[in-house]
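S.K.: Would you mind keeping the following structure in view while I ask a few things?
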Amino acid sequence: QVRLVESGGDLVQPGGSLRLSCAVAGLRISFNSMAWYRQAPEKQREWVATITSGRDPTYADSVTGRFTISRDSARSTVYLQMDNLKPEDTAIYYCNTRPPRGDWGQGTQVTVYS
C-alpha cells in the first residue's frame, strides 16, 4: 500500500519561499515519475511539477522559473522548493505519481497573503 505524507505548508507573504516535502512509503520513487499537484479553493486539482525516474523536471507554465522539484531517493522523499510566491499559489499541495495513483495524502496548505 502506498502512503504519501506531505508537509511544509505555511502562511507566507508574496515574494516569500517555502519548501514542501513528501514522504513516500510503499513505492520506489526512483523508479517512478513523481509529481506535485495543487487544489485551490473551489477549483479542480491541477498538476504543478514532475520529476521523472531520470530526474528530468517539467513544470506548469504558472510556476516555471519559481518552483523547483527534486527528490532524495535514499530518504524516499520528494521536495518542492517554491520561491517568489504569489497569492494565486494559495492551495493545498499534494504529491503523487504522474499519472496519479488512486492513493492521495492529506496534502499541505500553502497560503500566500498580502
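By order in the C-alpha cells, chains are A, B, ...; within a chain, residues start at 1; ligands start at 1, following the order shown.
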Which residues of stretch 4-63 of chain A sit at most 10 Å from stretch 86-106 of chain A, using only C-alpha atoms? Give each one's shortest atom pair and distance in Å (one decimal place), in chain and ascending residue order, as a tab-separated table.
M.R.:
residue	atom	partner	partner_atom	distance
A:Leu4	CA	A:Gly105	CA	4.9
A:Val5	CA	A:Gly105	CA	5.5
A:Glu6	CA	A:Tyr94	CA	6.5
A:Ser7	CA	A:Tyr93	CA	9.0
A:Gly8	CA	A:Tyr93	CA	9.7
A:Gly9	CA	A:Tyr93	CA	8.0
A:Asp10	CA	A:Thr90	CA	10.0
A:Leu11	CA	A:Thr90	CA	9.2
A:Val12	CA	A:Pro87	CA	9.3
A:Gln13	CA	A:Lys86	CA	8.0
A:Pro14	CA	A:Lys86	CA	5.0
A:Gly15	CA	A:Lys86	CA	6.5
A:Gly16	CA	A:Lys86	CA	8.2
A:Ser17	CA	A:Lys86	CA	9.8
A:Leu20	CA	A:Tyr93	CA	8.4
A:Ser21	CA	A:Cys95	CA	8.8
A:Cys22	CA	A:Cys95	CA	6.4
A:Ala23	CA	A:Cys95	CA	9.1
A:Val24	CA	A:Asn96	CA	8.9
A:Leu27	CA	A:Thr97	CA	9.5
A:Ile29	CA	A:Thr97	CA	8.5
A:Asn32	CA	A:Thr97	CA	6.8
A:Ser33	CA	A:Arg98	CA	5.4
A:Met34	CA	A:Thr97	CA	4.3
A:Ala35	CA	A:Asn96	CA	5.5
A:Trp36	CA	A:Cys95	CA	4.4
A:Tyr37	CA	A:Tyr94	CA	5.1
A:Arg38	CA	A:Tyr93	CA	4.3
A:Gln39	CA	A:Ala91	CA	5.2
A:Ala40	CA	A:Ala91	CA	4.1
A:Pro41	CA	A:Ala91	CA	6.8
A:Lys43	CA	A:Ala91	CA	9.4
A:Arg45	CA	A:Ile92	CA	9.0
A:Glu46	CA	A:Tyr93	CA	9.6
A:Trp47	CA	A:Arg98	CA	9.0
A:Val48	CA	A:Tyr93	CA	9.0
A:Ala49	CA	A:Arg98	CA	9.4
A:Thr50	CA	A:Arg98	CA	7.0
A:Ile51	CA	A:Arg98	CA	8.8
A:Thr52	CA	A:Arg98	CA	8.6
A:Ser62	CA	A:Asp89	CA	9.0
A:Val63	CA	A:Asp89	CA	8.6
S.K.: Using C-alpha atoms, can you write the selected residues to a file as a compact mmCIF listing (two decimals), in the first residue's frame?
M.R.:
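Saved file selection.txt follows:
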# COMPACT_ATOMS: atom_id res chain seq x y z
CA LEU A 4 2.08 9.78 0.86
CA VAL A 5 2.65 12.34 3.62
CA GLU A 6 3.03 15.98 2.61
CA SER A 7 4.41 18.67 4.91
CA GLY A 8 5.97 22.11 4.92
CA GLY A 9 2.99 24.29 4.09
CA ASP A 10 2.60 27.59 5.89
CA LEU A 11 1.40 31.17 5.72
CA VAL A 12 3.78 33.37 3.75
CA GLN A 13 3.80 36.83 2.24
CA PRO A 14 4.10 37.42 -1.51
CA GLY A 15 7.69 37.04 -2.64
CA GLY A 16 8.42 34.56 0.11
CA SER A 17 9.66 30.99 -0.13
CA LEU A 20 7.42 21.28 0.71
CA SER A 21 8.29 17.66 1.46
CA CYS A 22 6.51 14.45 0.56
CA ALA A 23 7.49 11.28 2.39
CA VAL A 24 6.65 8.25 0.26
CA LEU A 27 6.77 2.94 -3.73
CA ILE A 29 10.37 6.98 -6.15
CA ASN A 32 8.54 6.34 -10.92
CA SER A 33 7.72 9.78 -12.19
CA MET A 34 6.70 11.75 -9.12
CA ALA A 35 4.71 14.96 -9.21
CA TRP A 36 3.24 17.76 -7.19
CA TYR A 37 -0.35 18.85 -7.64
CA ARG A 38 -2.41 21.58 -6.01
CA GLN A 39 -6.04 22.40 -5.42
CA ALA A 40 -7.15 25.96 -4.79
CA PRO A 41 -10.48 26.74 -3.13
CA LYS A 43 -11.11 24.79 -8.21
CA ARG A 45 -6.84 19.82 -8.65
CA GLU A 46 -4.10 20.77 -11.11
CA TRP A 47 -0.66 19.47 -11.92
CA VAL A 48 2.30 21.62 -10.82
CA ALA A 49 5.58 19.77 -11.48
CA THR A 50 7.02 16.36 -12.32
CA ILE A 51 10.37 14.71 -11.80
CA THR A 52 10.94 11.60 -13.88
CA SER A 62 2.37 29.20 -13.99
CA VAL A 63 5.28 28.09 -11.79
S.K.: Please identify which residues in chain A DSSP calls strand (DSSP E) from the backbone, and express them as number ranges by chain.
M.R.: A: 3-7, 11-12, 18-25, 34-39, 46-51, 57-59, 67-72, 77-82, 91-97, 108-112
S.K.: Atom CA of A:Pro57 and atom CA of A:Ser70 are how many Å apart?
M.R.: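 Calculated distance between atom CA of A:Pro57 and atom CA of A:Ser70 is 8.0 Å.
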S.K.: Extract the full set of helix (DSSP H, G or I) residues from chain A according to DSSP on the backbone, and format it as a ChimeraX atom specification.
M.R.: /A:29-31,87-89
S.K.: Just to be explicit: take each residue in the selection above, keep N, CA, C and O atoms, and write the result as a compact mmCIF listing (two decimals), in the first residue's frame.
M.R.:
# COMPACT_ATOMS: atom_id res chain seq x y z
N ILE A 29 10.52 5.72 -5.41
CA ILE A 29 10.37 6.98 -6.15
C ILE A 29 11.39 7.10 -7.27
O ILE A 29 11.15 7.81 -8.25
N SER A 30 12.50 6.40 -7.17
CA SER A 30 13.50 6.48 -8.23
C SER A 30 13.07 5.69 -9.48
O SER A 30 13.65 5.87 -10.54
N PHE A 31 12.05 4.85 -9.34
CA PHE A 31 11.55 4.07 -10.47
C PHE A 31 10.29 4.67 -11.08
O PHE A 31 9.75 4.11 -12.04
N PRO A 87 -0.03 35.27 -4.47
CA PRO A 87 -1.32 34.90 -3.87
C PRO A 87 -2.02 33.78 -4.63
O PRO A 87 -2.69 32.94 -4.02
N GLU A 88 -1.85 33.73 -5.94
CA GLU A 88 -2.51 32.68 -6.73
C GLU A 88 -1.89 31.31 -6.52
O GLU A 88 -2.40 30.31 -7.04
N ASP A 89 -0.80 31.22 -5.77
CA ASP A 89 -0.24 29.93 -5.41
C ASP A 89 -0.93 29.32 -4.19
O ASP A 89 -0.64 28.18 -3.82
S.K.: Could you work out how far atom CA of A:Arg28 lies from atom CA of A:Thr77, giving the answer in Å with one decimal?
M.R.: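 The value is 10.0 Å.
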S.K.: Could you tell me which of A:Met82, A:Ile69, A:Ala60, A:Val2 comes closest to A:Arg19 if we count only C-alpha atoms?
M.R.: A:Met82
S.K.: What separation in Å, quoted to one decimal, exists between atom CA of A:Thr64 and atom CA of A:Ser114?
M.R.: 21.9 Å
